[in-house]
$ cat upload.cif   # mmCIF, C-alpha atoms
data_final
#
loop_
_atom_site.group_PDB
_atom_site.id
_atom_site.type_symbol
_atom_site.label_atom_id
_atom_site.label_comp_id
_atom_site.auth_asym_id
_atom_site.auth_seq_id
_atom_site.Cartn_x
_atom_site.Cartn_y
_atom_site.Cartn_z
ATOM 1 C CA MET F 82 29.758 -8.665 -0.170
ATOM 2 C CA GLN F 83 26.120 -8.734 0.899
ATOM 3 C CA GLU F 84 24.749 -8.636 4.434
ATOM 4 C CA GLU F 85 21.302 -9.541 5.740
ATOM 5 C CA LEU F 86 20.065 -6.345 7.370
ATOM 6 C CA THR F 87 16.850 -4.879 8.683
ATOM 7 C CA LEU F 88 15.870 -1.408 7.509
ATOM 8 C CA LEU F 89 17.161 0.078 10.769
ATOM 9 C CA GLN F 90 20.457 -1.795 10.486
ATOM 10 C CA ALA F 91 20.804 -0.629 6.876
ATOM 11 C CA ILE F 92 20.464 2.989 8.013
ATOM 12 C CA ASN F 93 23.109 2.446 10.680
ATOM 13 C CA ALA F 94 25.402 0.830 8.091
ATOM 14 C CA ALA F 95 24.898 3.728 5.665
ATOM 15 C CA LEU F 96 25.790 6.243 8.359
ATOM 16 C CA PHE F 97 28.853 4.224 9.369
ATOM 17 C CA ASP F 98 30.080 3.982 5.773
ATOM 18 C CA ALA F 99 29.428 7.676 5.092
ATOM 19 C CA LEU F 100 31.393 8.691 8.193
ATOM 20 C CA THR F 101 34.222 6.396 7.096
ATOM 21 C CA ALA F 102 34.315 7.613 3.502
ATOM 22 C CA ASP F 103 34.045 11.374 4.086
ATOM 23 C CA GLN F 104 35.587 13.295 6.973
ATOM 24 C CA SER F 105 33.156 16.172 6.384
ATOM 25 C CA VAL F 106 30.166 14.051 7.456
ATOM 26 C CA VAL F 107 28.930 14.723 10.989
ATOM 27 C CA ILE F 108 25.883 13.357 12.801
ATOM 28 C CA PHE F 109 23.951 15.034 15.588
ATOM 29 C CA GLY F 110 20.563 15.130 17.281
ATOM 30 C CA GLU F 111 18.837 14.340 20.534
ATOM 31 C CA ASP F 112 20.438 11.286 22.219
ATOM 32 C CA VAL F 113 22.191 10.095 19.038
ATOM 33 C CA GLY F 114 25.567 9.765 20.782
ATOM 34 C CA GLY F 115 25.903 7.445 23.769
ATOM 35 C CA ASN F 116 22.324 6.167 23.510
ATOM 36 C CA GLY F 117 22.427 5.656 19.736
ATOM 37 C CA GLY F 118 19.141 7.475 19.161
ATOM 38 C CA VAL F 119 15.622 6.675 20.280
ATOM 39 C CA PHE F 120 15.464 3.699 17.875
ATOM 40 C CA ARG F 121 19.248 2.982 18.020
ATOM 41 C CA ALA F 122 19.822 4.023 14.400
ATOM 42 C CA THR F 123 23.122 5.647 15.406
ATOM 43 C CA GLU F 124 24.194 2.934 17.863
ATOM 44 C CA HIS F 125 27.982 2.555 18.327
ATOM 45 C CA LEU F 126 28.785 5.365 15.873
ATOM 46 C CA GLN F 127 30.090 7.718 18.551
ATOM 47 C CA THR F 128 32.319 4.936 19.884
ATOM 48 C CA HIS F 129 33.892 4.453 16.457
ATOM 49 C CA PHE F 130 34.150 8.064 15.296
ATOM 50 C CA GLY F 131 34.288 10.145 18.455
ATOM 51 C CA ALA F 132 32.093 12.791 20.023
ATOM 52 C CA HIS F 133 33.383 15.491 17.651
ATOM 53 C CA ARG F 134 31.639 13.758 14.701
ATOM 54 C CA VAL F 135 28.648 12.084 16.403
ATOM 55 C CA PHE F 136 27.208 14.188 19.201
ATOM 56 C CA ASP F 137 24.094 15.011 21.191
ATOM 57 C CA THR F 138 22.188 18.280 21.023
ATOM 58 C CA PRO F 139 19.760 19.943 23.427
ATOM 59 C CA LEU F 140 16.046 19.234 23.004
ATOM 60 C CA ALA F 141 15.714 22.087 20.531
ATOM 61 C CA GLU F 142 14.645 21.243 16.989
ATOM 62 C CA ALA F 143 15.109 24.788 15.658
ATOM 63 C CA LEU F 144 18.681 24.670 16.937
ATOM 64 C CA ILE F 145 19.277 21.300 15.241
ATOM 65 C CA ALA F 146 18.109 22.623 11.867
ATOM 66 C CA GLY F 147 20.000 25.906 12.287
ATOM 67 C CA LEU F 148 23.196 24.066 13.215
ATOM 68 C CA ALA F 149 22.853 21.849 10.135
ATOM 69 C CA LEU F 150 22.329 24.940 8.006
ATOM 70 C CA GLY F 151 25.462 26.676 9.255
ATOM 71 C CA MET F 152 27.648 23.600 9.007
ATOM 72 C CA SER F 153 26.484 22.737 5.488
ATOM 73 C CA THR F 154 27.333 26.202 4.149
ATOM 74 C CA HIS F 155 30.862 25.967 5.566
ATOM 75 C CA GLY F 156 32.225 22.721 4.176
ATOM 76 C CA LEU F 157 30.567 20.020 6.266
ATOM 77 C CA ARG F 158 27.914 17.457 5.369
ATOM 78 C CA PRO F 159 25.690 17.243 8.448
ATOM 79 C CA VAL F 160 23.141 14.492 9.048
ATOM 80 C CA ALA F 161 20.669 15.798 11.607
ATOM 81 C CA GLU F 162 18.228 13.484 13.352
ATOM 82 C CA PHE F 163 14.799 14.517 14.618
ATOM 83 C CA GLN F 164 13.515 11.926 17.064
ATOM 84 C CA PHE F 165 10.089 11.832 15.422
ATOM 85 C CA MET F 166 8.589 13.634 12.445
ATOM 86 C CA GLY F 167 5.995 15.104 14.782
ATOM 87 C CA PHE F 168 8.758 17.065 16.533
ATOM 88 C CA ILE F 169 10.165 18.668 13.387
ATOM 89 C CA TYR F 170 7.652 21.519 13.153
ATOM 90 C CA ALA F 171 9.614 23.728 15.527
ATOM 91 C CA ALA F 172 12.345 23.713 12.852
ATOM 92 C CA PHE F 173 10.040 24.873 10.030
ATOM 93 C CA GLU F 174 11.381 28.412 9.984
ATOM 94 C CA GLN F 175 14.981 27.274 9.490
ATOM 95 C CA ILE F 176 14.027 24.596 6.929
ATOM 96 C CA ILE F 177 11.626 26.666 4.823
ATOM 97 C CA SER F 178 13.099 30.156 5.106
ATOM 98 C CA HIS F 179 16.784 29.278 4.951
ATOM 99 C CA ILE F 180 17.813 25.675 4.210
ATOM 100 C CA ALA F 181 15.520 25.161 1.218
ATOM 101 C CA ARG F 182 16.323 28.506 -0.425
ATOM 102 C CA MET F 183 19.992 29.070 0.363
ATOM 103 C CA ARG F 184 21.168 28.145 -3.153
ATOM 104 C CA ASN F 185 18.629 30.532 -4.699
ATOM 105 C CA ARG F 186 19.261 33.319 -2.201
ATOM 106 C CA THR F 187 23.025 33.316 -2.832
ATOM 107 C CA ARG F 188 22.690 32.760 -6.609
ATOM 108 C CA GLY F 189 24.483 29.438 -6.253
ATOM 109 C CA ARG F 190 27.367 30.728 -4.138
ATOM 110 C CA LEU F 191 26.223 28.622 -1.170
ATOM 111 C CA SER F 192 24.328 25.356 -0.971
ATOM 112 C CA CYS F 193 23.171 23.132 1.861
ATOM 113 C CA PRO F 194 24.450 19.564 1.385
ATOM 114 C CA LEU F 195 22.645 18.214 4.431
ATOM 115 C CA VAL F 196 20.262 15.424 5.382
ATOM 116 C CA LEU F 197 17.397 15.747 7.858
ATOM 117 C CA ARG F 198 16.449 12.279 9.155
ATOM 118 C CA ALA F 199 13.152 11.586 10.909
ATOM 119 C CA PRO F 200 11.215 8.420 11.790
ATOM 120 C CA TYR F 201 7.681 8.857 10.464
ATOM 121 C CA CYS F 202 4.282 7.134 10.116
ATOM 122 C CA ALA F 203 2.117 5.173 12.528
ATOM 123 C CA GLY F 204 1.692 1.529 13.422
ATOM 124 C CA ILE F 205 3.849 1.148 16.543
ATOM 125 C CA HIS F 206 1.191 2.181 19.089
ATOM 126 C CA ALA F 207 2.936 5.428 19.936
ATOM 127 C CA PRO F 208 1.369 8.509 21.579
ATOM 128 C CA GLU F 209 0.449 11.818 19.973
ATOM 129 C CA HIS F 210 3.116 13.533 17.794
ATOM 130 C CA HIS F 211 4.932 10.196 17.386
ATOM 131 C CA SER F 212 2.861 8.888 14.460
ATOM 132 C CA GLU F 213 2.850 11.746 11.950
ATOM 133 C CA SER F 214 2.783 11.321 8.161
ATOM 134 C CA THR F 215 3.027 14.877 6.898
ATOM 135 C CA GLU F 216 5.362 14.408 3.942
ATOM 136 C CA ALA F 217 3.077 16.567 1.785
ATOM 137 C CA LEU F 218 3.965 19.659 3.861
ATOM 138 C CA PHE F 219 7.602 19.345 2.852
ATOM 139 C CA ALA F 220 6.865 18.327 -0.737
ATOM 140 C CA HIS F 221 5.333 21.789 -1.196
ATOM 141 C CA ILE F 222 8.626 23.550 -0.402
ATOM 142 C CA PRO F 223 10.819 24.464 -3.410
ATOM 143 C CA GLY F 224 14.479 23.576 -2.927
ATOM 144 C CA LEU F 225 13.891 20.584 -0.662
ATOM 145 C CA ARG F 226 14.001 16.917 -1.680
ATOM 146 C CA VAL F 227 11.888 14.332 0.158
ATOM 147 C CA VAL F 228 12.594 10.588 -0.061
ATOM 148 C CA ILE F 229 11.135 7.576 1.747
ATOM 149 C CA PRO F 230 12.676 4.077 1.607
ATOM 150 C CA SER F 231 10.564 0.939 1.836
ATOM 151 C CA SER F 232 13.254 -1.752 2.143
ATOM 152 C CA PRO F 233 16.695 -2.214 3.735
ATOM 153 C CA GLU F 234 18.521 -2.214 0.392
ATOM 154 C CA GLN F 235 16.753 0.958 -0.638
ATOM 155 C CA ALA F 236 17.352 2.627 2.720
ATOM 156 C CA TYR F 237 21.096 2.044 2.521
ATOM 157 C CA GLY F 238 21.497 3.316 -1.046
ATOM 158 C CA LEU F 239 19.128 6.265 -0.681
ATOM 159 C CA LEU F 240 20.795 7.486 2.504
ATOM 160 C CA ARG F 241 24.281 7.274 0.988
ATOM 161 C CA ALA F 242 23.022 9.169 -2.072
ATOM 162 C CA ALA F 243 21.267 11.757 0.102
ATOM 163 C CA ILE F 244 24.407 12.443 2.151
ATOM 164 C CA ALA F 245 26.439 12.891 -1.054
ATOM 165 C CA HIS F 246 23.856 15.170 -2.686
ATOM 166 C CA PRO F 247 24.676 18.889 -3.003
ATOM 167 C CA ASP F 248 21.246 20.070 -1.824
ATOM 168 C CA PRO F 249 19.111 19.419 1.292
ATOM 169 C CA VAL F 250 17.248 16.119 1.571
ATOM 170 C CA LEU F 251 14.518 15.165 4.039
ATOM 171 C CA PHE F 252 14.952 11.438 4.652
ATOM 172 C CA LEU F 253 11.822 9.945 6.221
ATOM 173 C CA GLU F 254 12.113 6.499 7.780
ATOM 174 C CA PRO F 255 8.955 4.337 8.067
ATOM 175 C CA LYS F 256 9.503 3.138 11.615
ATOM 176 C CA ARG F 257 6.754 0.517 11.414
ATOM 177 C CA ILE F 258 9.022 -1.552 9.163
ATOM 178 C CA TYR F 259 12.326 -0.820 10.953
ATOM 179 C CA HIS F 260 12.542 -4.468 12.045
ATOM 180 C CA SER F 261 9.897 -6.308 10.004
ATOM 181 C CA ILE F 262 11.877 -6.690 6.768
ATOM 182 C CA LYS F 263 15.292 -8.310 6.415
ATOM 183 C CA GLN F 264 17.115 -8.178 3.094
ATOM 184 C CA ALA F 265 20.519 -8.750 1.540
ATOM 185 C CA VAL F 266 22.233 -5.374 1.214
ATOM 186 C CA ASP F 267 25.255 -4.879 -1.031
ATOM 187 C CA ARG F 268 27.205 -1.997 0.499
ATOM 188 C CA GLN F 269 29.334 -1.743 -2.662
ATOM 189 C CA ALA F 270 26.394 -1.380 -5.068
ATOM 190 C CA GLU F 271 25.733 1.792 -7.019
ATOM 191 C CA TRP F 272 23.484 4.228 -5.168
ATOM 192 C CA PRO F 273 20.025 4.902 -6.630
ATOM 193 C CA ASP F 274 18.922 8.154 -8.209
ATOM 194 C CA LEU F 275 17.104 10.254 -5.586
ATOM 195 C CA SER F 276 14.585 11.413 -8.205
ATOM 196 C CA LEU F 277 13.291 8.040 -9.410
ATOM 197 C CA SER F 278 10.501 5.732 -8.347
ATOM 198 C CA HIS F 279 10.785 1.949 -8.482
ATOM 199 C CA ARG F 280 8.601 -0.484 -10.435
ATOM 200 C CA VAL F 281 8.193 -3.348 -7.994
ATOM 201 C CA CYS F 282 6.306 -5.507 -10.468
ATOM 202 C CA ILE F 283 5.079 -5.121 -14.042
ATOM 203 C CA GLY F 284 1.387 -5.358 -14.903
ATOM 204 C CA THR F 285 -1.209 -4.436 -17.499
ATOM 205 C CA ASP F 286 -4.564 -3.999 -15.714
ATOM 206 C CA LEU F 287 -4.041 -1.475 -12.937
ATOM 207 C CA THR F 288 -1.328 0.848 -11.594
ATOM 208 C CA LEU F 289 -0.989 0.751 -7.797
ATOM 209 C CA ILE F 290 1.172 3.511 -6.271
ATOM 210 C CA ALA F 291 2.361 3.419 -2.650
ATOM 211 C CA TRP F 292 5.390 4.276 -0.532
ATOM 212 C CA GLY F 293 6.958 3.688 2.847
ATOM 213 C CA ALA F 294 5.206 1.189 5.108
ATOM 214 C CA MET F 295 2.196 1.118 2.772
ATOM 215 C CA LEU F 296 4.261 -0.743 0.189
ATOM 216 C CA ALA F 297 4.194 -3.929 2.265
ATOM 217 C CA GLU F 298 0.384 -3.772 2.332
ATOM 218 C CA ALA F 299 0.352 -3.063 -1.409
ATOM 219 C CA ARG F 300 2.469 -6.164 -2.040
ATOM 220 C CA GLN F 301 -0.140 -8.298 -0.268
ATOM 221 C CA ALA F 302 -2.923 -6.748 -2.345
ATOM 222 C CA THR F 303 -0.892 -7.442 -5.480
ATOM 223 C CA ILE F 304 -0.520 -11.111 -4.529
ATOM 224 C CA TRP F 305 -4.302 -11.365 -4.109
ATOM 225 C CA ALA F 306 -4.824 -9.689 -7.478
ATOM 226 C CA GLN F 307 -2.474 -12.084 -9.237
ATOM 227 C CA SER F 308 -4.334 -15.054 -7.787
ATOM 228 C CA ASN F 309 -7.519 -13.565 -9.259
ATOM 229 C CA ASN F 310 -6.056 -12.963 -12.722
ATOM 230 C CA ILE F 311 -5.647 -9.212 -12.246
ATOM 231 C CA SER F 312 -2.316 -7.877 -13.460
ATOM 232 C CA ILE F 313 -1.052 -5.130 -11.137
ATOM 233 C CA GLU F 314 1.815 -2.757 -11.889
ATOM 234 C CA LEU F 315 3.094 -1.802 -8.439
ATOM 235 C CA ILE F 316 5.106 1.409 -8.164
ATOM 236 C CA ASP F 317 7.062 2.364 -5.054
ATOM 237 C CA LEU F 318 7.057 6.150 -5.294
ATOM 238 C CA VAL F 319 10.299 6.544 -3.239
ATOM 239 C CA SER F 320 10.819 10.194 -4.235
ATOM 240 C CA ILE F 321 8.018 12.317 -2.844
ATOM 241 C CA LYS F 322 9.725 15.444 -4.152
ATOM 242 C CA PRO F 323 10.511 15.598 -7.018
ATOM 243 C CA LEU F 324 7.822 13.275 -8.370
ATOM 244 C CA ASP F 325 8.917 10.761 -10.979
ATOM 245 C CA ILE F 326 5.886 11.610 -13.064
ATOM 246 C CA ASP F 327 7.252 10.003 -16.245
ATOM 247 C CA THR F 328 7.237 6.524 -14.686
ATOM 248 C CA ILE F 329 3.744 7.075 -13.304
ATOM 249 C CA LEU F 330 2.328 8.334 -16.621
ATOM 250 C CA SER F 331 3.882 5.556 -18.694
ATOM 251 C CA SER F 332 2.339 2.997 -16.348
ATOM 252 C CA VAL F 333 -1.143 4.542 -16.238
ATOM 253 C CA GLN F 334 -1.179 5.026 -20.012
ATOM 254 C CA LYS F 335 -0.592 1.282 -20.281
ATOM 255 C CA THR F 336 -3.036 0.047 -17.623
ATOM 256 C CA GLY F 337 -5.783 2.700 -17.818
ATOM 257 C CA ARG F 338 -6.487 2.427 -14.087
ATOM 258 C CA CYS F 339 -4.771 4.075 -11.125
ATOM 259 C CA LEU F 340 -5.007 3.563 -7.365
ATOM 260 C CA ILE F 341 -2.873 5.728 -5.041
ATOM 261 C CA VAL F 342 -2.420 4.689 -1.411
ATOM 262 C CA HIS F 343 -0.967 6.670 1.487
ATOM 263 C CA GLU F 344 -1.565 6.737 5.209
ATOM 264 C CA ALA F 345 -1.346 10.518 5.466
ATOM 265 C CA ALA F 346 -4.543 12.559 5.705
ATOM 266 C CA ARG F 347 -6.493 12.778 2.458
ATOM 267 C CA THR F 348 -6.874 16.519 1.822
ATOM 268 C CA CYS F 349 -3.901 18.035 -0.064
ATOM 269 C CA GLY F 350 -1.949 14.798 0.321
ATOM 270 C CA VAL F 351 0.693 13.613 -2.159
ATOM 271 C CA GLY F 352 -1.977 11.390 -3.709
ATOM 272 C CA ALA F 353 -3.946 14.469 -4.739
ATOM 273 C CA GLU F 354 -0.959 15.855 -6.639
ATOM 274 C CA ILE F 355 -0.358 12.540 -8.411
ATOM 275 C CA SER F 356 -4.043 12.315 -9.283
ATOM 276 C CA ALA F 357 -4.035 15.840 -10.730
ATOM 277 C CA ARG F 358 -0.943 15.169 -12.833
ATOM 278 C CA VAL F 359 -2.371 11.917 -14.205
ATOM 279 C CA GLN F 360 -5.709 13.577 -14.989
ATOM 280 C CA GLU F 361 -3.984 16.444 -16.785
ATOM 281 C CA GLN F 362 -1.597 14.340 -18.844
ATOM 282 C CA ALA F 363 -3.158 10.889 -19.260
ATOM 283 C CA TRP F 364 -6.917 11.452 -19.035
ATOM 284 C CA ASP F 365 -7.578 10.123 -22.542
ATOM 285 C CA THR F 366 -6.137 6.709 -21.603
ATOM 286 C CA LEU F 367 -8.132 6.238 -18.383
ATOM 287 C CA LEU F 368 -10.656 3.407 -18.257
ATOM 288 C CA ALA F 369 -11.896 4.341 -14.764
ATOM 289 C CA PRO F 370 -11.676 7.273 -12.335
ATOM 290 C CA ILE F 371 -8.398 7.737 -10.469
ATOM 291 C CA MET F 372 -8.913 6.550 -6.899
ATOM 292 C CA ARG F 373 -7.168 7.387 -3.623
ATOM 293 C CA LEU F 374 -7.091 5.241 -0.500
ATOM 294 C CA THR F 375 -5.763 7.353 2.358
ATOM 295 C CA GLY F 376 -5.874 8.144 6.022
ATOM 296 C CA TYR F 377 -8.591 10.423 7.369
ATOM 297 C CA ASP F 378 -8.670 14.191 7.873
ATOM 298 C CA THR F 379 -8.306 13.756 11.599
ATOM 299 C CA VAL F 380 -5.465 13.667 14.085
ATOM 300 C CA MET F 381 -3.929 10.185 14.213
ATOM 301 C CA PRO F 382 -5.830 8.354 16.977
ATOM 302 C CA TYR F 383 -4.161 6.718 19.947
ATOM 303 C CA SER F 384 -2.890 3.161 19.749
ATOM 304 C CA LYS F 385 -6.140 1.242 20.269
ATOM 305 C CA LEU F 386 -7.770 2.959 17.298
ATOM 306 C CA GLU F 387 -4.910 3.497 14.858
ATOM 307 C CA HIS F 388 -5.739 0.282 12.972
ATOM 308 C CA LEU F 389 -9.062 1.898 12.035
ATOM 309 C CA TYR F 390 -7.198 4.867 10.567
ATOM 310 C CA LEU F 391 -4.493 3.105 8.580
ATOM 311 C CA PRO F 392 -5.226 1.714 5.104
ATOM 312 C CA ASN F 393 -4.506 -1.998 4.750
ATOM 313 C CA HIS F 394 -4.366 -4.592 1.986
ATOM 314 C CA HIS F 395 -8.022 -5.577 2.528
ATOM 315 C CA ASP F 396 -9.024 -1.972 1.815
ATOM 316 C CA MET F 397 -6.806 -1.992 -1.269
ATOM 317 C CA ILE F 398 -8.433 -5.171 -2.556
ATOM 318 C CA GLY F 399 -11.841 -3.499 -2.304
ATOM 319 C CA TYR F 400 -10.621 -0.529 -4.344
ATOM 320 C CA ILE F 401 -8.985 -2.810 -6.924
ATOM 321 C CA GLN F 402 -12.292 -4.614 -7.374
ATOM 322 C CA LYS F 403 -14.142 -1.314 -7.833
ATOM 323 C CA LEU F 404 -11.691 -0.160 -10.457
ATOM 324 C CA MET F 405 -11.761 -3.439 -12.365
ATOM 325 C CA GLU F 406 -15.580 -3.494 -12.369
ATOM 326 C CA TYR F 407 -15.918 0.089 -13.636
ATOM 327 C CA PRO F 408 -18.108 0.571 -15.584
ATOM 328 C CA GLU F 409 -20.500 -2.304 -14.994
#
$ encode --input "upload.cif" --output "structure tokens"
Amino acid sequence: MQEELTLLQAINAALFDALTADQSVVIFGEDVGGNGGVFRATEHLQTHFGAHRVFDTPLAEALIAGLALGMSTHGLRPVAEFQFMGFIYAAFEQIISHIARMRNRTRGRLSCPLVLRAPYCAGIHAPEHHSESTEALFAHIPGLRVVIPSSPEQAYGLLRAAIAHPDPVLFLEPKRIYHSIKQAVDRQAEWPDLSLSHRVCIGTDLTLIAWGAMLAEARQATIWAQSNNISIELIDLVSIKPLDIDTILSSVQKTGRCLIVHEAARTCGVGAEISARVQEQAWDTLLAPIMRLTGYDTVMPYSKLEHLYLPNHHDMIGYIQKLMEYPE
């Protein structure tokens, strides 16, 4: 049976179903219990499953990560929520030094089957530390998976798969599209592979790679391109770590042109890694330079200026034109 859900509702449904299916699943974080979380992603879950499985924590991100670590090594599958990605940095020591390397440190004796959830990205006119897009920081850490859904159907399946996975997963939720997309979600469907990207549409002229909230902008740019007889292959990256480089390479080797879009700052962003991999392994098929459209190397500005920071489909169209015209 399918249900029409927003991305936020799909996350709530995935958490509900995971709690129902597996008694080892527990959910905790700041205000996730009675209040249902800052965005209400955990709304009503404590009522259904009790305060021993869905509970509030102090305002202490290091504690949240450390609690998830301990629980996951002793038979539970914790899902820990950080209110915003910008608040997660206090938990770096636990995530990097312990959670990500527990399997290696114990030679496989212990693992950390846990999920760290965090709303991320800008676009909702929030203050400082509420609009971060620093997925590249976590992609650099061995032992940690990073995934970002771009649709309700994807959010449901990815979160169920992440909770069932034997190793730690950072699950970043593009809050700008929490309510803007509604989609039929089959809660009985097979869960997607956490390591794979998704070809949104097939094309022959240019490969456009985006993820999270940027995918909606990329779709609009793709529609413009189609109306101008430009065939775009749109790839939703989905898995930030590990990268599904095979899908990317097969696409670029076909189209010869590559545009990577992300709202995170430019320097050392995920787009730089993709660009390097494509240059190393598909350079002889390129018809134009690999291009990146990104945010700026500045702190995300406050609400009145954030539209000047964020890439949009008009920017993408300009880059598509440059790539298609190269060389004159």
$ residues_near_point --input "upload.cif" --point "(28.3, 1.8, -1.7)" --cutoff "9 Å" --atoms "all atoms listed in the file" --output "JSON, numbers by chain"
{"F": [95, 98, 237, 238, 241, 267, 268, 269, 270, 271, 272]}
$ resolve_selection --input "upload.cif" --expression "the PyMOL selection byres ((chain F and resi 368) around 10)" --output "CSV table (one decimal) with C-alpha atoms, in the frame of the given file"
chain,number,residue,atom,x,y,z
F,286,ASP,CA,-4.6,-4.0,-15.7
F,287,LEU,CA,-4.0,-1.5,-12.9
F,333,VAL,CA,-1.1,4.5,-16.2
F,334,GLN,CA,-1.2,5.0,-20.0
F,336,THR,CA,-3.0,0.0,-17.6
F,337,GLY,CA,-5.8,2.7,-17.8
F,338,ARG,CA,-6.5,2.4,-14.1
F,339,CYS,CA,-4.8,4.1,-11.1
F,364,TRP,CA,-6.9,11.5,-19.0
F,365,ASP,CA,-7.6,10.1,-22.5
F,366,THR,CA,-6.1,6.7,-21.6
F,367,LEU,CA,-8.1,6.2,-18.4
F,369,ALA,CA,-11.9,4.3,-14.8
F,370,PRO,CA,-11.7,7.3,-12.3
F,371,ILE,CA,-8.4,7.7,-10.5
F,404,LEU,CA,-11.7,-0.2,-10.5
F,405,MET,CA,-11.8,-3.4,-12.4
F,407,TYR,CA,-15.9,0.1,-13.6
F,408,PRO,CA,-18.1,0.6,-15.6
$ atom_distance --input "upload.cif" --atom1 "atom CA of F:Gly110" --atom2 "atom CA of F:Gln264"
27.5 Å
$ closest_residue --input "upload.cif" --among "F:Ile316, F:Leu240, F:Leu374, F:Leu195" --to "F:Ser105" --atoms "all atoms listed in the file"
F:Leu195
$ closest_residue --input "upload.cif" --among "F:Val380, F:Ala217, F:Val359, F:Ala306" --to "F:Ile401" --atoms "only C-alpha atoms"
F:Ala306
$ residues_around --input "upload.cif" --residues "F:Ile229" --least-positions-apart "5" --cutoff "12 Å" --atoms "all atoms listed in the file" --output "PDB file with C-alpha atoms, in the frame of the given file"
ATOM      1  CA  LEU F  88      15.870  -1.408   7.509  1.00  0.00           C
ATOM      2  CA  LEU F 197      17.397  15.747   7.858  1.00  0.00           C
ATOM      3  CA  ARG F 198      16.449  12.279   9.155  1.00  0.00           C
ATOM      4  CA  ALA F 199      13.152  11.586  10.909  1.00  0.00           C
ATOM      5  CA  PRO F 200      11.215   8.420  11.790  1.00  0.00           C
ATOM      6  CA  TYR F 201       7.681   8.857  10.464  1.00  0.00           C
ATOM      7  CA  CYS F 202       4.282   7.134  10.116  1.00  0.00           C
ATOM      8  CA  SER F 214       2.783  11.321   8.161  1.00  0.00           C
ATOM      9  CA  GLU F 216       5.362  14.408   3.942  1.00  0.00           C
ATOM     10  CA  ALA F 220       6.865  18.327  -0.737  1.00  0.00           C
ATOM     11  CA  GLN F 235      16.753   0.958  -0.638  1.00  0.00           C
ATOM     12  CA  ALA F 236      17.352   2.627   2.720  1.00  0.00           C
ATOM     13  CA  TYR F 237      21.096   2.044   2.521  1.00  0.00           C
ATOM     14  CA  GLY F 238      21.497   3.316  -1.046  1.00  0.00           C
ATOM     15  CA  LEU F 239      19.128   6.265  -0.681  1.00  0.00           C
ATOM     16  CA  LEU F 240      20.795   7.486   2.504  1.00  0.00           C
ATOM     17  CA  ALA F 243      21.267  11.757   0.102  1.00  0.00           C
ATOM     18  CA  VAL F 250      17.248  16.119   1.571  1.00  0.00           C
ATOM     19  CA  LEU F 251      14.518  15.165   4.039  1.00  0.00           C
ATOM     20  CA  PHE F 252      14.952  11.438   4.652  1.00  0.00           C
ATOM     21  CA  LEU F 253      11.822   9.945   6.221  1.00  0.00           C
ATOM     22  CA  GLU F 254      12.113   6.499   7.780  1.00  0.00           C
ATOM     23  CA  PRO F 255       8.955   4.337   8.067  1.00  0.00           C
ATOM     24  CA  LYS F 256       9.503   3.138  11.615  1.00  0.00           C
ATOM     25  CA  ILE F 258       9.022  -1.552   9.163  1.00  0.00           C
ATOM     26  CA  LEU F 275      17.104  10.254  -5.586  1.00  0.00           C
ATOM     27  CA  SER F 276      14.585  11.413  -8.205  1.00  0.00           C
ATOM     28  CA  LEU F 277      13.291   8.040  -9.410  1.00  0.00           C
ATOM     29  CA  SER F 278      10.501   5.732  -8.347  1.00  0.00           C
ATOM     30  CA  HIS F 279      10.785   1.949  -8.482  1.00  0.00           C
ATOM     31  CA  ALA F 291       2.361   3.419  -2.650  1.00  0.00           C
ATOM     32  CA  TRP F 292       5.390   4.276  -0.532  1.00  0.00           C
ATOM     33  CA  GLY F 293       6.958   3.688   2.847  1.00  0.00           C
ATOM     34  CA  ALA F 294       5.206   1.189   5.108  1.00  0.00           C
ATOM     35  CA  MET F 295       2.196   1.118   2.772  1.00  0.00           C
ATOM     36  CA  LEU F 296       4.261  -0.743   0.189  1.00  0.00           C
ATOM     37  CA  ASP F 317       7.062   2.364  -5.054  1.00  0.00           C
ATOM     38  CA  LEU F 318       7.057   6.150  -5.294  1.00  0.00           C
ATOM     39  CA  VAL F 319      10.299   6.544  -3.239  1.00  0.00           C
ATOM     40  CA  SER F 320      10.819  10.194  -4.235  1.00  0.00           C
ATOM     41  CA  ILE F 321       8.018  12.317  -2.844  1.00  0.00           C
ATOM     42  CA  LYS F 322       9.725  15.444  -4.152  1.00  0.00           C
ATOM     43  CA  PRO F 323      10.511  15.598  -7.018  1.00  0.00           C
TER      44      PRO F 323
END
$ resolve_selection --input "upload.cif" --expression "the PyMOL selection byres ((chain F and resi 97) around 10)" --output "list in words"
Ala91, Ile92, Asn93, Ala94, Ala95, Leu96, Asp98, Ala99, Leu100, Thr101, Ala102, Thr123, Glu124, His125, Leu126, Gln127, His129 and Phe130 of chain F
$ resolve_selection --input "upload.cif" --expression "the PyMOL selection byres ((chain F and resi 145-160) around 7)" --output "VMD selection string"
chain F and resid 105 to 110 141 to 144 161 to 162 172 175 to 176 180 191 to 197 244
$ atom_distance --input "upload.cif" --atom1 "atom CA of F:Arg184" --atom2 "atom CA of F:Asp327"
26.3 Å
$ atom_distance --input "upload.cif" --atom1 "atom CA of F:Ile177" --atom2 "atom CA of F:Thr215"
14.7 Å
$ closest_residue --input "upload.cif" --among "F:Pro247, F:Pro392, F:Gly352, F:Pro223" --to "F:Ala302" --atoms "only C-alpha atoms"
F:Pro392
$ residues_near_point --input "upload.cif" --point "(22.6, 14.9, 23.8)" --cutoff "8 Å" --atoms "all atoms listed in the file" --output "VMD selection string"
chain F and resid 110 to 114 136 to 140
$ residues_around --input "upload.cif" --residues "F:Arg257" --least-positions-apart "5" --cutoff "7 Å" --atoms "only C-alpha atoms" --output "VMD selection string"
chain F and resid 203 to 205 294
$ closest_residue --input "upload.cif" --among "F:Ala122, F:Ala299, F:Asp325, F:Ser332" --to "F:Asp396" --atoms "only C-alpha atoms"
F:Ala299
$ decode --input "upload.cif" --residues "stretch 285-289 of chain F" --atoms "C-alpha atoms" --output "CSV table (one decimal), in the first residue's frame"
chain,number,residue,atom,x,y,z
F,285,THR,CA,23.7,12.0,-23.9
F,286,ASP,CA,25.0,15.6,-23.9
F,287,LEU,CA,25.9,16.4,-20.3
F,288,THR,CA,26.1,14.8,-16.9
F,289,LEU,CA,24.6,16.9,-14.1
